[in-house]
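Trainee: Encoded as structure tokens, here's the structure I'll be asking about.
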Amino acid sequence: MSAYDWLPDFLDRLKADNVLLEDDSITALAKVPMLILEAEDWGRAAAQAQAFGLRWMGGWADQLDEAFHVSACLAHQHEVLVLRAMLSLEIPVLPSHTPWYPGADHMERHTQDMYGVLFSDHPDPRRWTRHHAWGENEYPLRSDFPLAGTRPGPMPTDHNYRYLKAQGAGVYEIPVGPVHAGIIEPGHFRFQAVGEQVLNLEIRLGYVHKGIEKIAVGRDAPGLARLAARISGDSTVAHGWAACMAMEQAAAVQVPERASYLRAIMAERERIANHLGDIGAICNDVAFAFAQYQFSRLRESWQRVSQQVFGHRFMMDCVVPGGVASDVDGAGLELLRSGLEPLRAELVELMAILDDNPSLEDRLATTGFLSAAIAAKFGATGYVGKASGQDIDARRDMRYAPYDRLEVVVPTSQNGDVQARMHIRSQEVFASLDLLTQLLRDIPAGEIRSDWRTASEVEGIAVIDGWRGEIMTYVRFDADDRIARFMPRDPSWFTWPALEQLIHDNIVPDFPVCNKSVNGSYSGHDL
Amino acid sequence: MSGWLLALIQLMIFVLGAPFLVIWIKQVKCRLQNRRAPSFAQPYRDLGKLFRKQVVLAENASPLFRMAPYIVFAATVLAALTVPLIAIKLPTAAIADMLVLLGFLAIGRFFMTLAGMDVGTAFGGMGSSREVSLSSLAEPALLMVIFTLAMTAQSTNLSSVMQYLLDVGVVLRPSLLFALLGLMLVAVAETGRVPVDNPATHLELTMVHEAMILEYSGRHLALMEWAAYIKLMIFGVLIVNIFFPWGLATDATLPALAIGFAAMVFKLLVAGVVLAVAETRLAKMRVFRVPEYLNLAFLLALLGALSHIILEVGV
């Protein structure tokens, strides 16, 4: 399979549909081909892409001096393609991708809220990220909007968001959140239910919007890496790596081999820690507290080793542009190695207990079923997608270092229920332990950081597999080597809508365990 | 006169000992889950803290919402009064009727479900609706257990039932075995324990009992919590004193009372261990499984009544 051998066919289809393609339409964004389209062709290109079988991976906008650049990233056969349209600042209107890719819904509304770019045939005109704290004509990501924000006065309440209503005898509404009884992130869940049966669930997010994209503007490369590490605390390595990889792509910086190995070691450790915590939490939501305490214990001792070796329980700020922040000596590697087999042994024992418990199985099996078709439609990746037959994993598919020389096993399942999502996690932990064994065995000696090279007016795009799923990150440097645009696309953008779907036909008291099995990031989504 | 004093002392032990039973179960559970347990004083500290704290009331709370904790607590304490704890033949035995006990518990539940709906939050109403639908299934099962016992002992008076079972001695009767199993299942449902409800959860959408008292704070919450502790103790004492009545004091002498007290403590501790082991082993049931579970309890109780009629009448 030669690289991008499907691209000419796709271009032919676009031409056949009268999508205007000039010779200079096909350029490149770092190493990724990019098609420049006319704004009015934007929707038709999506229709053709969807028919051709391309997967929608994310969309964002950017404001350059004279125009808004709206981009979308798609993938086919593990290869990435970027579409871009340029719009005038006066009339920033273009068709939407949402009719063909439902997963694009939130991201396009985010773009619409942040830039005032109007997606003309978008089925849902409501605000998404930009709650009513901002006025009608304030678009925070436009370059004329001050970096420090505008008025710090009292916020008007967000009361007139029109939720979908269900009507009929015995139908009622349950509002949950954004403030919850447990210590979790804020999000609002609006259930329409009859009896205990959920008719519809609508999720409202944006309560932890921190302006990540705005405060990224003007940072230098190490500054952006620090910011990216704080997008979602549990994915600090993954987001940090994705941001650094995008910047390295843009600046054409080669990462030393040892650094890429260390990054992978940290990413796998992050994956294992989070999966352990999640398995326990899923069980705890059905009052099987035994598992919660056992898995919390495993996770805690695992993170303490991370603290000892990398200096931070979550390994925050360990990934820096060009490499990693600090090296791990032989004793550290030995410590990491020595932790693998004990964890594997404990996990084998614990998973056997979980699998043998009929009361647990009764709760988890068939609960929160997500069909493969819906998972594909919304572009769910990670354990949510893998449990619903989506065989997508950037570590294997995109072959980035150091995974290009490793055997990455990707567990999948067709069951699509809470139990499958839990089992995918445990299987991924075992697979990660195997990867760690290889990584720790083969880690080469050498440098851990390349010198950072100045990068001006270049763009970069990176796709990596974080523990939650595929992360796509886009960066653009301005003429002064500073960040002009940063868009980290967390996998949660696609798993939150999947949660809205998989809760159908379930009962209200099963929502918490369904939610926990998806475990979308609020912070990573709200940005 | 000393009889009344004894009844009063017994009630004090009941009310003050209830938090101890709760923390005992928690201690055993913690041991089973390999973690350190809170101290035995913790539920008392919690209650003390809540009694000292300010009450926060919702703006639209009606007087009923404020009255309910007192009514629930009083009804539960009266229910406890009917249950012989360490001695039978006390003056309170006159009202120690099982149907009266059921009535007191029903009054408590009635006001608790009303209070759950009073403020008008979605969770309170949800909890109340679940509580009522569960209890409409649990009560028939409990009644059937009572009928089985009443047929055996020719009385619905708890004191007489225990006296009868003490007198006839340990005979393995199928009817009592079925009734015991039925009562154990009902007790778990009535007291909101795993696998029917989870008293430790913070997930509002899954709650039953906790959802109804979600809006309570301060002394109101303390009374509601304490009433729940007492209710757990009532069911524990019912199970151990009816089906394992050994050691109950039949006269008011000091040695007999001391033995009665020691026996009661021992039996409740064992019952607590059984509950803790079950709670550790089981995940919470899906809400729609609970009716099946309570139907099983009803069926067992019914089998108890039937086997009494078929096998034991005239023996």
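If you're wondering about the labels, chains in the structure tokens are A, B, ... by order shown, residues count from 1 in each chain, ligands from 1 in order shown.
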Give the residues of chain B that lie within 8 Å of chain A; count only C-alpha atoms, and format the answer as a ChimeraX atom specification.

Mentor: /B:33-35,122-123,194-195,198,201-207,280-287

Trainee: Among the residues of segment 150-278 of chain B, find those DSSP assigns to alpha helix (DSSP H) from the backbone and print them as a VMD selection string.

Mentor: chain B and resid 150 to 153 158 to 168 174 to 190 209 to 212 218 to 243 254 to 278

Trainee: Take the residues from that selection and put them in a file with C-alpha atoms, as an mmCIF file, in the first residue's frame.

Mentor:
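Output saved as out.cif:
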```cif
data_model
loop_
_atom_site.group_PDB
_atom_site.id
_atom_site.type_symbol
_atom_site.label_atom_id
_atom_site.label_comp_id
_atom_site.auth_asym_id
_atom_site.auth_seq_id
_atom_site.Cartn_x
_atom_site.Cartn_y
_atom_site.Cartn_z
ATOM 1 C CA ALA B 150 -48.465 -15.742 64.051
ATOM 2 C CA MET B 151 -49.759 -19.111 62.933
ATOM 3 C CA THR B 152 -46.849 -20.841 64.617
ATOM 4 C CA ALA B 153 -47.117 -18.999 67.907
ATOM 5 C CA LEU B 158 -43.664 -10.238 69.357
ATOM 6 C CA SER B 159 -43.110 -10.971 72.992
ATOM 7 C CA SER B 160 -45.413 -14.001 72.839
ATOM 8 C CA VAL B 161 -43.802 -15.234 69.652
ATOM 9 C CA MET B 162 -40.368 -15.111 71.202
ATOM 10 C CA GLN B 163 -41.652 -16.681 74.403
ATOM 11 C CA TYR B 164 -43.261 -19.468 72.401
ATOM 12 C CA LEU B 165 -40.135 -20.174 70.408
ATOM 13 C CA LEU B 166 -38.074 -20.149 73.572
ATOM 14 C CA ASP B 167 -40.450 -22.576 75.245
ATOM 15 C CA VAL B 168 -40.723 -25.107 72.454
ATOM 16 C CA PRO B 174 -39.363 -25.544 57.536
ATOM 17 C CA SER B 175 -41.866 -22.740 58.021
ATOM 18 C CA LEU B 176 -39.469 -20.796 60.239
ATOM 19 C CA LEU B 177 -36.588 -21.358 57.889
ATOM 20 C CA PHE B 178 -38.567 -19.941 54.981
ATOM 21 C CA ALA B 179 -39.778 -17.062 57.105
ATOM 22 C CA LEU B 180 -36.207 -16.294 58.204
ATOM 23 C CA LEU B 181 -34.966 -16.194 54.622
ATOM 24 C CA GLY B 182 -37.914 -14.036 53.592
ATOM 25 C CA LEU B 183 -37.353 -11.639 56.460
ATOM 26 C CA MET B 184 -33.649 -11.339 55.699
ATOM 27 C CA LEU B 185 -34.380 -10.345 52.116
ATOM 28 C CA VAL B 186 -37.022 -7.857 53.190
ATOM 29 C CA ALA B 187 -34.728 -6.417 55.846
ATOM 30 C CA VAL B 188 -32.062 -5.618 53.277
ATOM 31 C CA ALA B 189 -34.603 -3.851 51.075
ATOM 32 C CA GLU B 190 -36.299 -2.007 53.928
ATOM 33 C CA HIS B 209 -33.346 6.472 50.582
ATOM 34 C CA GLU B 210 -30.566 9.034 50.237
ATOM 35 C CA ALA B 211 -32.432 10.850 47.465
ATOM 36 C CA MET B 212 -35.376 11.527 49.753
ATOM 37 C CA GLY B 218 -28.251 19.997 60.306
ATOM 38 C CA ARG B 219 -30.393 18.463 63.029
ATOM 39 C CA HIS B 220 -33.058 17.442 60.524
ATOM 40 C CA LEU B 221 -30.536 15.333 58.691
ATOM 41 C CA ALA B 222 -29.212 13.970 61.975
ATOM 42 C CA LEU B 223 -32.691 12.772 62.949
ATOM 43 C CA MET B 224 -33.276 11.215 59.550
ATOM 44 C CA GLU B 225 -29.922 9.439 59.654
ATOM 45 C CA TRP B 226 -30.434 8.295 63.206
ATOM 46 C CA ALA B 227 -33.897 6.982 62.360
ATOM 47 C CA ALA B 228 -32.331 4.986 59.524
ATOM 48 C CA TYR B 229 -29.759 3.542 61.942
ATOM 49 C CA ILE B 230 -32.550 2.542 64.353
ATOM 50 C CA LYS B 231 -34.514 0.954 61.552
ATOM 51 C CA LEU B 232 -31.523 -1.165 60.625
ATOM 52 C CA MET B 233 -31.230 -2.195 64.280
ATOM 53 C CA ILE B 234 -34.946 -3.040 64.435
ATOM 54 C CA PHE B 235 -34.660 -5.443 61.551
ATOM 55 C CA GLY B 236 -31.446 -6.898 62.928
ATOM 56 C CA VAL B 237 -33.045 -7.493 66.325
ATOM 57 C CA LEU B 238 -36.175 -8.964 64.747
ATOM 58 C CA ILE B 239 -34.124 -11.490 62.853
ATOM 59 C CA VAL B 240 -31.876 -12.532 65.725
ATOM 60 C CA ASN B 241 -34.443 -12.437 68.523
ATOM 61 C CA ILE B 242 -37.278 -14.210 66.726
ATOM 62 C CA PHE B 243 -35.320 -16.913 65.004
ATOM 63 C CA LEU B 254 -29.774 -9.079 87.084
ATOM 64 C CA PRO B 255 -27.982 -12.256 85.887
ATOM 65 C CA ALA B 256 -30.721 -12.987 83.379
ATOM 66 C CA LEU B 257 -30.576 -9.422 82.054
ATOM 67 C CA ALA B 258 -26.796 -9.552 81.829
ATOM 68 C CA ILE B 259 -26.995 -12.773 79.851
ATOM 69 C CA GLY B 260 -29.726 -11.284 77.702
ATOM 70 C CA PHE B 261 -27.604 -8.249 76.945
ATOM 71 C CA ALA B 262 -24.499 -10.266 76.159
ATOM 72 C CA ALA B 263 -26.452 -12.649 73.956
ATOM 73 C CA MET B 264 -28.078 -9.782 72.076
ATOM 74 C CA VAL B 265 -24.742 -8.081 71.448
ATOM 75 C CA PHE B 266 -23.163 -11.286 70.256
ATOM 76 C CA LYS B 267 -26.043 -12.175 67.930
ATOM 77 C CA LEU B 268 -26.150 -8.687 66.400
ATOM 78 C CA LEU B 269 -22.407 -8.690 65.838
ATOM 79 C CA VAL B 270 -22.712 -11.975 63.975
ATOM 80 C CA ALA B 271 -25.653 -10.635 61.955
ATOM 81 C CA GLY B 272 -23.569 -7.574 61.124
ATOM 82 C CA VAL B 273 -20.748 -9.751 59.817
ATOM 83 C CA VAL B 274 -23.203 -11.667 57.630
ATOM 84 C CA LEU B 275 -24.543 -8.428 56.167
ATOM 85 C CA ALA B 276 -21.053 -7.010 55.622
ATOM 86 C CA VAL B 277 -19.907 -10.134 53.795
ATOM 87 C CA ALA B 278 -23.003 -10.039 51.577
#
```

Trainee: With distances taken over only C-alpha atoms, which of A:Trp452, A:Phe189, A:Phe477, A:Tyr403 is nearest to Glu500 of chain A?

Mentor: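 Under the stated criterion, the closest residue is A:Phe189.
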
Trainee: Quick one: residues within 9 Å of segment 94-107 of chain A, only C-alpha atoms counted, chain neighbours fewer than 5 positions away excluded, as a PyMOL selection string?

Mentor: chain A and resi 39-47+49-51+55-60+85+87+112+117-124+128-129+377-380+493-495+497-498

Trainee: When you draw a straight line from atom CA of Glu79 of chain A to atom CA of Asp5 of chain A, how long is it in Å?

Mentor: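 Between these atoms lies a distance of 10.0 Å.
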
Trainee: As a list in words, please: the residues near Arg453 of chain A (cut-off 10 Å, only C-alpha atoms, same-chain neighbours under 2 positions excluded).

Mentor: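 Residues meeting the cut-off are Ala221, Glu248, Ala251, Ala252, Val253, Pro321, Gly322, Ser450, Asp451, Ala455, Ser456 and Asp481 of chain A.
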
Trainee: Using Å and a single decimal, report how far atom CA of Arg173 of chain B sits from atom CA of His308 of chain B.

Mentor: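 Atom-to-atom, atom CA of His308 of chain B and atom CA of Arg173 of chain B are spaced 8.2 Å apart.
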
Trainee: Using only C-alpha atoms, tabulate the residues of segment 194-250 of chain B lying at most 6 Å from any atom of segment 82-92 of chain B, each with its closest atom pair and that distance in Å to one decimal, by chain and increasing residue number, as a Markdown table.

Mentor:
```
| residue | atom | partner | partner_atom | distance |
| --- | --- | --- | --- | --- |
| B:Leu248 | CA | B:Ala87 | CA | 5.4 |
| B:Ala249 | CA | B:Ala87 | CA | 4.3 |
| B:Thr250 | CA | B:Ile88 | CA | 5.6 |
```

Trainee: Would you put the residues from that selection into a file with C-alpha atoms, as a tab-separated table (two decimals), in the first residue's frame?

Mentor:
```tsv
chain	number	residue	atom	x	y	z
B	248	LEU	CA	-33.48	-13.50	76.04
B	249	ALA	CA	-34.22	-12.64	79.66
B	250	THR	CA	-37.56	-14.00	80.74
```

Trainee: Figure out the distance between atom CA of Ala331 of chain A and atom CA of Arg313 of chain A, please, to one decimal in Å.

Mentor: 18.1 Å

Trainee: For Leu306 of chain B, which residue among B:Met144, B:Leu78, B:Leu294, B:Met12 is the nearest when counting only C-alpha atoms?

Mentor: B:Met144

Trainee: Identify, on the basis of only C-alpha atoms, every residue whose closest approach to segment 464-473 of chain A does not exceed 7 Å; exclude the query and any residue fewer than 3 positions from it along the same chain; express the result as a PDB file with C-alpha atoms, in the first residue's frame.

Mentor:
```
ATOM      1  CA  SER A 235      -4.088  13.178  29.934  1.00  0.00           C
ATOM      2  CA  ALA A 238      -0.819  12.602  25.898  1.00  0.00           C
ATOM      3  CA  ALA A 242       0.548  15.794  20.891  1.00  0.00           C
ATOM      4  CA  ALA A 243       1.314  19.500  21.205  1.00  0.00           C
ATOM      5  CA  ALA A 246       2.694  19.148  16.243  1.00  0.00           C
ATOM      6  CA  ARG A 271      -2.777   4.863  30.183  1.00  0.00           C
ATOM      7  CA  THR A 381     -12.117   6.365  19.357  1.00  0.00           C
ATOM      8  CA  GLY A 382     -10.306   4.966  22.340  1.00  0.00           C
ATOM      9  CA  TYR A 383     -11.964   2.404  24.592  1.00  0.00           C
ATOM     10  CA  ASP A 393      -5.393   3.229  17.304  1.00  0.00           C
ATOM     11  CA  ALA A 394      -2.938   5.874  16.165  1.00  0.00           C
ATOM     12  CA  ARG A 395      -0.035   4.071  17.792  1.00  0.00           C
ATOM     13  CA  ILE A 461      -0.504  18.708  12.872  1.00  0.00           C
ATOM     14  CA  MET A 487      -6.242  23.544  18.681  1.00  0.00           C
ATOM     15  CA  PRO A 488      -6.008  20.379  20.764  1.00  0.00           C
ATOM     16  CA  ARG A 489      -8.851  18.047  19.880  1.00  0.00           C
ATOM     17  CA  ASP A 490      -9.504  15.698  22.771  1.00  0.00           C
ATOM     18  CA  PRO A 491     -11.273  12.401  22.002  1.00  0.00           C
TER      19      PRO A 491
END
```

Trainee: Show which residues sit within 10 Å of segment 434-448 of chain A, as a ChimeraX atom specification. Count only C-alpha atoms, and ignore same-chain residues fewer than 2 positions away.

Mentor: /A:255-262,264-269,322-328,333-334,336-338,340-341,344,402-403,405-409,428-432,450

Trainee: If you run DSSP on this backbone, which residues of segment 328-471 of chain A come out as strand (DSSP E), and could you give them as a list in words?

Mentor: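 So, restricting segment 328-471 of chain A to strand (DSSP E), we get Glu459, Gly460, Ile461, Ala462, Val463, Ile464, Asp465, Glu470 and Ile471 of chain A.
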